[in-house]
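One file, model_34.pdb, is given below (PDB, C-alpha atoms).
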```pdb
ATOM      1  CA  MET A   1     116.662 100.342 108.763
ATOM      2  CA  LEU A   2     120.163 100.934 110.045
ATOM      3  CA  TRP A   3     119.066 103.832 112.225
ATOM      4  CA  LYS A   4     120.942 103.192 115.458
ATOM      5  CA  GLY A   5     123.981 105.317 116.183
ATOM      6  CA  ARG A   6     122.872 108.185 113.943
ATOM      7  CA  ARG A   7     122.161 111.784 114.928
ATOM      8  CA  GLN A   8     119.013 112.360 116.948
ATOM      9  CA  SER A   9     116.937 115.506 116.722
ATOM     10  CA  ASP A  10     116.602 117.816 119.702
ATOM     11  CA  ASN A  11     113.152 118.867 118.471
ATOM     12  CA  ILE A  12     111.303 116.239 120.512
ATOM     13  CA  GLU A  13     108.788 117.140 123.203
ATOM     14  CA  ASP A  14     108.002 114.108 125.338
ATOM     15  CA  ASN A  15     104.585 114.506 126.977
ATOM     16  CA  ARG A  16     103.875 110.820 127.443
ATOM     17  CA  SER A  17     103.919 111.048 131.233
ATOM     18  CA  ASN A  18     101.429 113.930 131.278
ATOM     19  CA  GLY A  19      98.509 112.065 129.742
ATOM     20  CA  GLY A  20      97.234 115.205 128.056
ATOM     21  CA  GLY A  21      94.687 116.145 130.702
ATOM     22  CA  GLY A  22      90.982 115.902 130.246
ATOM     23  CA  LEU A  23      89.786 115.187 126.751
ATOM     24  CA  PRO A  24      86.052 114.726 127.256
ATOM     25  CA  GLY A  25      84.592 111.880 125.281
ATOM     26  CA  GLY A  26      86.362 110.916 122.107
ATOM     27  CA  LEU A  27      88.085 112.826 119.356
ATOM     28  CA  GLY A  28      88.410 116.573 119.626
ATOM     29  CA  GLY A  29      90.786 118.293 117.292
ATOM     30  CA  GLY A  30      90.093 121.040 114.857
ATOM     31  CA  PRO A  31      89.758 120.972 111.097
ATOM     32  CA  GLY A  32      93.330 122.198 110.771
ATOM     33  CA  GLN A  33      94.761 118.824 111.714
ATOM     34  CA  PHE A  34      96.316 116.743 108.964
ATOM     35  CA  ARG A  35      96.267 113.103 109.953
ATOM     36  CA  ILE A  36      97.340 109.759 108.646
ATOM     37  CA  PRO A  37      94.118 108.068 107.551
ATOM     38  CA  ILE A  38      92.469 105.476 109.801
ATOM     39  CA  GLY A  39      89.127 105.570 108.065
ATOM     40  CA  GLY A  40      87.681 108.630 106.483
ATOM     41  CA  ARG A  41      85.541 110.721 104.282
ATOM     42  CA  ALA A  42      86.223 112.269 100.962
ATOM     43  CA  GLY A  43      84.227 112.995  97.920
ATOM     44  CA  GLY A  44      84.604 112.949  94.229
ATOM     45  CA  GLY A  45      83.323 116.364  93.187
ATOM     46  CA  GLY A  46      85.368 118.305  90.661
ATOM     47  CA  LEU A  47      87.457 121.220  91.739
ATOM     48  CA  SER A  48      88.317 123.233  88.720
ATOM     49  CA  THR A  49      91.846 123.126  87.392
ATOM     50  CA  ILE A  50      92.046 126.888  87.879
ATOM     51  CA  ILE A  51      91.399 126.642  91.621
ATOM     52  CA  ILE A  52      93.949 123.869  91.960
ATOM     53  CA  LEU A  53      96.535 125.915  90.071
ATOM     54  CA  VAL A  54      95.862 128.946  92.249
ATOM     55  CA  VAL A  55      96.345 126.964  95.460
ATOM     56  CA  LEU A  56      99.591 125.451  94.269
ATOM     57  CA  TYR A  57     100.965 128.608  92.675
ATOM     58  CA  PHE A  58     100.400 130.872  95.668
ATOM     59  CA  GLY A  59     101.469 128.114  98.045
ATOM     60  CA  LEU A  60     104.904 127.982  96.461
ATOM     61  CA  LYS A  61     105.137 131.724  95.875
ATOM     62  CA  PHE A  62     104.505 132.179  99.610
ATOM     63  CA  LEU A  63     108.078 131.076 100.281
ATOM     64  CA  GLY A  64     109.550 132.635  97.195
ATOM     65  CA  ILE A  65     109.853 129.336  95.342
ATOM     66  CA  ASP A  66     109.455 129.479  91.586
ATOM     67  CA  PRO A  67     106.663 126.971  90.822
ATOM     68  CA  ILE A  68     108.089 126.372  87.345
ATOM     69  CA  GLN A  69     111.474 125.370  88.711
ATOM     70  CA  VAL A  70     110.306 123.423  91.730
ATOM     71  CA  LEU A  71     107.190 121.684  90.469
ATOM     72  CA  GLY A  72     107.769 121.894  86.781
ATOM     73  CA  GLY A  73     111.291 120.882  86.021
ATOM     74  CA  GLY A  74     113.223 118.934  88.541
ATOM     75  CA  GLY A  75     114.446 119.200  91.507
ATOM     76  CA  GLY A  76      97.282 116.521 107.966
ATOM     77  CA  SER A  77      97.280 113.215 109.568
ATOM     78  CA  LEU A  78      98.263 110.151 107.835
ATOM     79  CA  LEU A  79      94.878 108.467 108.292
ATOM     80  CA  PRO A  80      91.399 109.669 107.325
ATOM     81  CA  GLY A  81      88.580 109.844 109.819
ATOM     82  CA  ASP A  82      88.420 108.784 113.423
ATOM     83  CA  ASN A  83      87.844 105.038 113.228
ATOM     84  CA  SER A  84      91.053 104.053 114.994
ATOM     85  CA  GLN A  85      90.458 103.383 118.621
ATOM     86  CA  ILE A  86      93.436 102.847 120.881
ATOM     87  CA  SER A  87      92.175 102.434 124.413
ATOM     88  CA  GLN A  88      94.431 102.267 127.428
ATOM     89  CA  SER A  89      93.966  98.499 127.498
ATOM     90  CA  ASP A  90      95.107  98.299 123.893
ATOM     91  CA  GLN A  91      98.396  99.988 124.631
ATOM     92  CA  PRO A  92     101.040  97.366 125.379
ATOM     93  CA  GLY A  93     102.943  97.676 128.627
ATOM     94  CA  GLN A  94     106.388  98.879 127.741
ATOM     95  CA  SER A  95     109.447  99.097 129.919
ATOM     96  CA  ALA A  96     111.278 102.379 130.332
ATOM     97  CA  GLN A  97     114.058 100.936 128.168
ATOM     98  CA  ALA A  98     111.618 100.113 125.357
ATOM     99  CA  ASN A  99     110.124 103.593 125.568
ATOM    100  CA  ASP A 100     113.583 105.102 125.465
ATOM    101  CA  GLU A 101     114.402 103.128 122.319
ATOM    102  CA  MET A 102     111.167 104.283 120.684
ATOM    103  CA  LYS A 103     112.023 107.883 121.502
ATOM    104  CA  GLN A 104     115.508 107.375 120.088
ATOM    105  CA  PHE A 105     114.027 105.931 116.889
ATOM    106  CA  VAL A 106     111.572 108.800 116.457
ATOM    107  CA  ALA A 107     114.294 111.371 117.187
ATOM    108  CA  THR A 108     116.580 109.720 114.641
ATOM    109  CA  ILE A 109     113.958 109.667 111.891
ATOM    110  CA  LEU A 110     113.060 113.285 112.622
ATOM    111  CA  ALA A 111     116.745 114.205 112.356
ATOM    112  CA  GLU A 112     116.930 112.483 108.974
ATOM    113  CA  THR A 113     113.953 114.511 107.733
ATOM    114  CA  GLU A 114     115.647 117.671 109.004
ATOM    115  CA  ASP A 115     118.779 116.891 107.022
ATOM    116  CA  VAL A 116     116.901 116.153 103.809
ATOM    117  CA  TRP A 117     114.529 119.126 103.856
ATOM    118  CA  THR A 118     117.232 121.527 104.989
ATOM    119  CA  GLY A 119     119.181 120.531 101.886
ATOM    120  CA  VAL A 120     116.166 120.802  99.596
ATOM    121  CA  PHE A 121     115.272 124.244 100.888
ATOM    122  CA  GLN A 122     118.885 125.443 100.666
ATOM    123  CA  ALA A 123     119.004 124.309  97.048
ATOM    124  CA  ASN A 124     116.136 126.748  96.447
ATOM    125  CA  GLY A 125     117.771 129.594  98.377
ATOM    126  CA  LEU A 126     115.543 129.114 101.428
ATOM    127  CA  THR A 127     115.908 128.238 105.100
ATOM    128  CA  TYR A 128     114.041 125.206 106.425
ATOM    129  CA  GLU A 129     112.212 125.731 109.704
ATOM    130  CA  GLN A 130     112.464 122.494 111.668
ATOM    131  CA  PRO A 131     109.186 121.294 113.199
ATOM    132  CA  LYS A 132     108.773 119.998 116.734
ATOM    133  CA  LEU A 133     107.534 116.447 117.252
ATOM    134  CA  VAL A 134     105.377 115.876 120.325
ATOM    135  CA  LEU A 135     105.187 112.387 121.816
ATOM    136  CA  PHE A 136     102.020 111.880 123.832
ATOM    137  CA  SER A 137      99.998 109.122 125.422
ATOM    138  CA  GLY A 138      96.219 108.994 125.381
ATOM    139  CA  GLN A 139      95.311 112.596 124.640
ATOM    140  CA  ILE A 140      96.903 115.948 123.936
ATOM    141  CA  ARG A 141      96.041 119.603 123.485
ATOM    142  CA  SER A 142      97.472 121.315 120.390
ATOM    143  CA  ALA A 143      96.952 124.630 118.662
ATOM    144  CA  CYS A 144      94.429 122.738 116.510
ATOM    145  CA  GLY A 145      92.409 121.655 119.543
ATOM    146  CA  PHE A 146      92.221 118.487 121.623
ATOM    147  CA  ALA A 147      93.118 115.124 120.134
ATOM    148  CA  SER A 148      93.232 111.581 121.424
ATOM    149  CA  SER A 149      95.063 108.476 120.339
ATOM    150  CA  ALA A 150      92.061 107.790 118.111
ATOM    151  CA  SER A 151      93.170 110.681 115.928
ATOM    152  CA  GLY A 152      96.237 108.831 114.752
ATOM    153  CA  PRO A 153      99.425 110.826 114.110
ATOM    154  CA  PHE A 154      98.735 114.359 112.903
ATOM    155  CA  TYR A 155     100.350 117.644 111.966
ATOM    156  CA  CYS A 156      99.016 120.942 113.302
ATOM    157  CA  PRO A 157      99.767 123.959 111.075
ATOM    158  CA  GLY A 158      98.877 126.297 113.930
ATOM    159  CA  ASP A 159     101.932 125.423 116.017
ATOM    160  CA  HIS A 160     104.126 123.725 113.372
ATOM    161  CA  LYS A 161     104.212 120.505 115.367
ATOM    162  CA  VAL A 162     103.816 116.806 114.563
ATOM    163  CA  TYR A 163     101.888 114.835 117.193
ATOM    164  CA  LEU A 164     102.458 111.119 117.696
ATOM    165  CA  ASP A 165     101.195 108.592 120.194
ATOM    166  CA  THR A 166     103.699 105.788 119.634
ATOM    167  CA  ALA A 167     101.007 103.254 120.556
ATOM    168  CA  PHE A 168      99.865 103.895 116.976
ATOM    169  CA  PHE A 169     102.842 101.917 115.721
ATOM    170  CA  ASP A 170     101.604  98.870 117.601
ATOM    171  CA  GLN A 171      98.151  99.393 116.107
ATOM    172  CA  LEU A 172      99.679  99.827 112.655
ATOM    173  CA  SER A 173     101.277  96.414 113.015
ATOM    174  CA  ARG A 174      98.576  94.462 114.874
ATOM    175  CA  GLN A 175      95.383  95.923 113.448
ATOM    176  CA  PHE A 176      96.442  97.031 110.000
ATOM    177  CA  GLY A 177      99.163  94.483 109.203
ATOM    178  CA  ALA A 178     101.840  97.087 108.456
ATOM    179  CA  SER A 179     104.894  96.308 110.542
ATOM    180  CA  GLY A 180     108.526  97.337 110.248
ATOM    181  CA  ASP A 181     110.690 100.295 111.168
ATOM    182  CA  PHE A 182     110.540 101.855 107.702
ATOM    183  CA  ALA A 183     106.749 101.641 107.803
ATOM    184  CA  GLU A 184     106.917 103.637 111.032
ATOM    185  CA  ALA A 185     109.414 106.041 109.474
ATOM    186  CA  TYR A 186     106.977 106.591 106.582
ATOM    187  CA  VAL A 187     104.336 107.693 109.095
ATOM    188  CA  ILE A 188     106.668 110.339 110.507
ATOM    189  CA  ALA A 189     107.894 111.431 107.073
ATOM    190  CA  HIS A 190     104.296 111.860 105.853
ATOM    191  CA  GLU A 191     103.487 114.222 108.715
ATOM    192  CA  VAL A 192     106.700 116.159 108.120
ATOM    193  CA  GLY A 193     105.556 116.355 104.487
ATOM    194  CA  HIS A 194     102.557 118.326 105.741
ATOM    195  CA  HIS A 195     104.982 120.674 107.506
ATOM    196  CA  VAL A 196     106.743 121.260 104.184
ATOM    197  CA  GLN A 197     103.352 122.045 102.658
ATOM    198  CA  ASN A 198     102.668 124.464 105.484
ATOM    199  CA  LEU A 199     105.956 126.288 104.939
ATOM    200  CA  THR A 200     105.318 126.577 101.207
ATOM    201  CA  GLY A 201     101.815 127.950 101.799
ATOM    202  CA  VAL A 202      99.839 125.013 100.422
ATOM    203  CA  LEU A 203      98.129 124.237 103.744
ATOM    204  CA  PRO A 204      97.248 127.850 104.593
ATOM    205  CA  LYS A 205      95.633 128.282 101.186
ATOM    206  CA  PHE A 206      93.791 124.983 101.480
ATOM    207  CA  ASN A 207      92.488 125.777 104.978
ATOM    208  CA  GLN A 208      91.336 129.179 103.779
ATOM    209  CA  MET A 209      89.639 127.949 100.629
ATOM    210  CA  ARG A 210      87.959 124.838 101.984
ATOM    211  CA  GLN A 211      85.763 126.953 104.243
ATOM    212  CA  ARG A 212      83.993 128.055 101.067
ATOM    213  CA  MET A 213      84.033 124.652  99.351
ATOM    214  CA  SER A 214      81.389 121.988  99.263
ATOM    215  CA  GLU A 215      82.205 118.846 101.182
ATOM    216  CA  ALA A 216      82.829 116.961  97.960
ATOM    217  CA  ASP A 217      85.224 119.597  96.637
ATOM    218  CA  ALA A 218      87.060 119.870  99.956
ATOM    219  CA  ASN A 219      87.483 116.099 100.075
ATOM    220  CA  GLN A 220      88.846 116.053  96.546
ATOM    221  CA  MET A 221      91.373 118.742  97.372
ATOM    222  CA  SER A 222      92.225 116.991 100.632
ATOM    223  CA  MET A 223      93.160 113.886  98.659
ATOM    224  CA  ARG A 224      95.592 115.903  96.559
ATOM    225  CA  VAL A 225      97.125 117.431  99.687
ATOM    226  CA  GLU A 226      97.504 114.037 101.385
ATOM    227  CA  LEU A 227      98.928 112.322  98.319
ATOM    228  CA  GLN A 228     101.487 115.081  97.931
ATOM    229  CA  ALA A 229     102.544 114.473 101.548
ATOM    230  CA  ASP A 230     102.947 110.794 100.643
ATOM    231  CA  CYS A 231     105.096 111.789  97.686
ATOM    232  CA  PHE A 232     107.204 114.089  99.878
ATOM    233  CA  ALA A 233     107.698 111.135 102.221
ATOM    234  CA  GLY A 234     108.927 109.181  99.210
ATOM    235  CA  VAL A 235     111.371 111.955  98.300
ATOM    236  CA  TRP A 236     112.729 111.766 101.833
ATOM    237  CA  GLY A 237     112.971 107.993 101.501
ATOM    238  CA  ARG A 238     115.021 108.338  98.323
ATOM    239  CA  PHE A 239     117.652 110.514 100.013
ATOM    240  CA  THR A 240     117.660 108.203 103.013
ATOM    241  CA  ALA A 241     118.278 105.209 100.778
ATOM    242  CA  GLN A 242     121.213 107.002  99.177
ATOM    243  CA  LYS A 243     122.851 107.194 102.609
ATOM    244  CA  GLY A 244     122.841 103.402 102.798
ATOM    245  CA  ILE A 245     120.461 103.358 105.763
ATOM    246  CA  LEU A 246     117.756 101.193 104.198
ATOM    247  CA  GLU A 247     117.908  97.429 104.242
ATOM    248  CA  GLN A 248     116.362  94.871 101.930
ATOM    249  CA  GLY A 249     112.611  94.834 102.371
ATOM    250  CA  ASP A 250     112.347  98.347 103.843
ATOM    251  CA  LEU A 251     110.761  99.870 100.753
ATOM    252  CA  GLU A 252     108.218  97.067 100.708
ATOM    253  CA  GLU A 253     107.357  97.874 104.340
ATOM    254  CA  ALA A 254     106.530 101.466 103.465
ATOM    255  CA  LEU A 255     104.509 100.496 100.396
ATOM    256  CA  ASN A 256     102.567  97.965 102.446
ATOM    257  CA  ALA A 257     101.835 100.631 105.050
ATOM    258  CA  ALA A 258     100.588 102.967 102.309
ATOM    259  CA  LYS A 259      98.360 100.159 101.067
ATOM    260  CA  GLN A 260      96.923  99.320 104.472
ATOM    261  CA  ILE A 261      95.925 102.921 105.234
ATOM    262  CA  GLY A 262      94.276 103.671 101.902
ATOM    263  CA  ASP A 263      90.697 104.940 102.174
ATOM    264  CA  ASP A 264      89.268 101.956 100.315
ATOM    265  CA  THR A 265      91.185  99.352 102.308
ATOM    266  CA  LEU A 266      90.334 100.984 105.628
ATOM    267  CA  GLN A 267      86.654 101.360 104.850
ATOM    268  CA  LYS A 268      86.365  97.774 103.676
ATOM    269  CA  LYS A 269      88.099  96.579 106.843
ATOM    270  CA  MET A 270      86.095  98.810 109.173
ATOM    271  CA  GLN A 271      82.614  98.650 107.664
ATOM    272  CA  GLY A 272      82.725  95.955 104.992
ATOM    273  CA  TYR A 273      82.097  98.259 102.025
ATOM    274  CA  VAL A 274      83.572 101.383 100.469
ATOM    275  CA  VAL A 275      82.088 104.811  99.778
ATOM    276  CA  PRO A 276      84.348 106.385  97.128
ATOM    277  CA  GLU A 277      82.765 109.820  97.417
ATOM    278  CA  SER A 278      83.857 109.899 101.063
ATOM    279  CA  PHE A 279      87.565 109.340 100.331
ATOM    280  CA  ASN A 280      89.813 112.154 101.552
ATOM    281  CA  HIS A 281      93.306 110.627 101.709
ATOM    282  CA  GLY A 282      93.480 108.444  98.620
ATOM    283  CA  THR A 283      93.028 104.801  97.766
ATOM    284  CA  SER A 284      95.675 102.214  98.570
ATOM    285  CA  ALA A 285      96.844 102.223  94.968
ATOM    286  CA  GLN A 286      97.063 106.009  94.882
ATOM    287  CA  ARG A 287      99.015 106.226  98.121
ATOM    288  CA  GLN A 288     101.469 103.587  96.982
ATOM    289  CA  ARG A 289     101.880 105.208  93.578
ATOM    290  CA  TRP A 290     102.604 108.681  94.901
ATOM    291  CA  PHE A 291     105.019 107.477  97.578
ATOM    292  CA  LYS A 292     106.828 105.463  94.911
ATOM    293  CA  ALA A 293     106.876 108.471  92.555
ATOM    294  CA  GLY A 294     108.758 110.495  95.142
ATOM    295  CA  PHE A 295     111.013 107.600  96.072
ATOM    296  CA  ASP A 296     111.948 106.748  92.487
ATOM    297  CA  SER A 297     112.804 110.295  91.452
ATOM    298  CA  GLY A 298     113.793 112.136  94.617
ATOM    299  CA  LYS A 299     112.402 115.281  92.963
ATOM    300  CA  LEU A 300     109.665 117.635  94.049
ATOM    301  CA  SER A 301     108.640 117.876  90.418
ATOM    302  CA  SER A 302     107.327 114.314  90.747
ATOM    303  CA  CYS A 303     104.954 115.393  93.515
ATOM    304  CA  ASP A 304     102.642 117.716  91.586
ATOM    305  CA  THR A 305      99.367 116.152  92.669
ATOM    306  CA  PHE A 306      97.537 119.384  91.839
ATOM    307  CA  ASN A 307      98.150 119.457  88.093
ATOM    308  CA  ASN A 308      98.226 115.722  87.364
ATOM    309  CA  PRO A 309      95.617 112.982  87.595
ATOM    310  CA  ILE A 310      95.779 111.287  90.961
TER     311      ILE A 310
END
```
Structure encoded using structure tokens:
Amino acid sequence: MLWKGRRQSDNIEDNRSNGGGGLPGGLGGGPGQFRIPIGGRAGGGGLSTIIILVVLYFGLKFLGIDPIQVLGGGGGSLLPGDNSQISQSDQPGQSAQANDEMKQFVATILAETEDVWTGVFQANGLTYEQPKLVLFSGQIRSACGFASSASGPFYCPGDHKVYLDTAFFDQLSRQFGASGDFAEAYVIAHEVGHHVQNLTGVLPKFNQMRQRMSEADANQMSMRVELQADCFAGVWGRFTAQKGILEQGDLEEALNAAKQIGDDTLQKKMQGYVVPESFNHGTSAQRQRWFKAGFDSGKLSSCDTFNNPI
């Protein structure tokens, strides 16, 4: 990506020097977190089409968006589960200069998402509320509870913030074989996709309804939510490509990242076998397909994971 020299967002909170303060034993974090998958659970179970329609319809109506226009006719976390373990010894020693460059990269990608979603919202007569992105190291407290690096990147609807331990990028490359700056940008764009869902009411409705759902039904709905965030990341990627920022091979980096963090691929890598009924983010093929759907069209209408087979 040709990201250097571009505008950087001011919506960065750098808490890396604070260490988060006292997360006792492993992953905390509440059910409101939406993470990039690093393992996971999700079930098959069939949510009725009516329930899915209700969630989507009221989610979009929440912001005054006409579902027919936006999703019909044009234009949590990234990883499931808590299997990623990034200990202090796993985090590579980085110089202050390297850390500064990482912060600059993250701030630049966040700025690019701000530009794209501000334009999309304006096209629908709305104002985009820019999220904050919190950089942390080791552990962090959010409105969704405590989280550690093992959580992977996540979005918290409670405070409208994306949380990222940049050591995850090293893990993404070394452990999962997904390297490249556009792969890292996809991670950020996916979490911002959850913010878009939060603004349009999809996440509030999902969080409300899943308290009354069976585990299988909640997992099935979670997959649709996560795949839509992948598609939104693809929409962002399309507009970014139109600016001439992407280089040859960048799209392949993002698609490879989507493949490597699919539920099936992660489970096979982590435990040697897959449990399809435990999927809650989508298979590798599904994640690639929905990112590509958004990237190819650049339209929100291509991201209707609630009314189409996934």
Review point. For the file shown, what are the residues hit by the PyMOL selection byres ((chain A and resi 117) around 12), laid out as a PyMOL selection string?
Key: chain A and resi 110-116+118-124+126-131+189+192-193+195-197+199+232-233+235-237+239-240+298-300
I need the residue set behind the PyMOL selection byres ((chain A and resi 255-258) around 7) for this file; please write it as a PDB file with C-alpha atoms, keeping the file's coordinate frame.
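Dumped everything to selection.pdb:
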```
ATOM      1  CA  ALA A 178     101.840  97.087 108.456  1.00  0.00           C
ATOM      2  CA  ALA A 183     106.749 101.641 107.803  1.00  0.00           C
ATOM      3  CA  LEU A 251     110.761  99.870 100.753  1.00  0.00           C
ATOM      4  CA  GLU A 252     108.218  97.067 100.708  1.00  0.00           C
ATOM      5  CA  GLU A 253     107.357  97.874 104.340  1.00  0.00           C
ATOM      6  CA  ALA A 254     106.530 101.466 103.465  1.00  0.00           C
ATOM      7  CA  LYS A 259      98.360 100.159 101.067  1.00  0.00           C
ATOM      8  CA  GLN A 260      96.923  99.320 104.472  1.00  0.00           C
ATOM      9  CA  ILE A 261      95.925 102.921 105.234  1.00  0.00           C
ATOM     10  CA  GLY A 262      94.276 103.671 101.902  1.00  0.00           C
ATOM     11  CA  SER A 284      95.675 102.214  98.570  1.00  0.00           C
ATOM     12  CA  ARG A 287      99.015 106.226  98.121  1.00  0.00           C
ATOM     13  CA  GLN A 288     101.469 103.587  96.982  1.00  0.00           C
TER      14      GLN A 288
END
```
Practice item. May I have the residues within 10 Å of Met209 (chain A) as number ranges by chain, using only C-alpha atoms and disregarding those fewer than 3 positions away in the same chain? Key: A: 51, 55, 203-206, 212-213, 218, 221
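Minimum atom-to-atom distance to Glu191 (chain A), evaluated using all atoms listed in the file, belongs to A:Asp230 out of A:Asp230, A:Glu277, A:Asp10, A:Glu247.
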Exercise for review: Could you tell me which of A:Ser214, A:Asn15, A:Ala241, A:Ser222 comes closest to Ser137 (chain A) if we count only C-alpha atoms?
Suggested key: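 Smallest separation from Ser137 (chain A) among the options: A:Asn15.
Counting only C-alpha atoms, the residue from A:Lys4, A:Thr265, A:Val134, A:Arg141 that sits nearest to Gly177 (chain A) is A:Thr265.
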Review point. When distances are computed from all atoms listed in the file, which of A:Ile245, A:Leu78, A:Ile310, A:Ala229 shows the smallest separation from Tyr163 (chain A)?
Key: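 For Tyr163 (chain A), the nearest of the candidates is A:Leu78.
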Where does the PyMOL selection byres ((chain A and resi 263) around 6) land in this file, that is, which residues does it pick, as a compact mmCIF listing (two decimals) with C-alpha atoms, keeping the file's coordinate frame?
```txt
# COMPACT_ATOMS: atom_id res chain seq x y z
CA GLY A 262 94.28 103.67 101.90
CA ASP A 264 89.27 101.96 100.32
CA THR A 265 91.18 99.35 102.31
CA LEU A 266 90.33 100.98 105.63
CA PHE A 279 87.56 109.34 100.33
CA GLY A 282 93.48 108.44 98.62
CA THR A 283 93.03 104.80 97.77
```
Region 170-183 of chain A: axis-aligned bounding box, 8 Å on each side, centre and edge lengths in Å, one decimal, as AutoDock Vina command-line options:
```
--center_x 103.0 --center_y 98.2 --center_z 112.7 --size_x 31.3 --size_y 23.4 --size_z 25.9
```
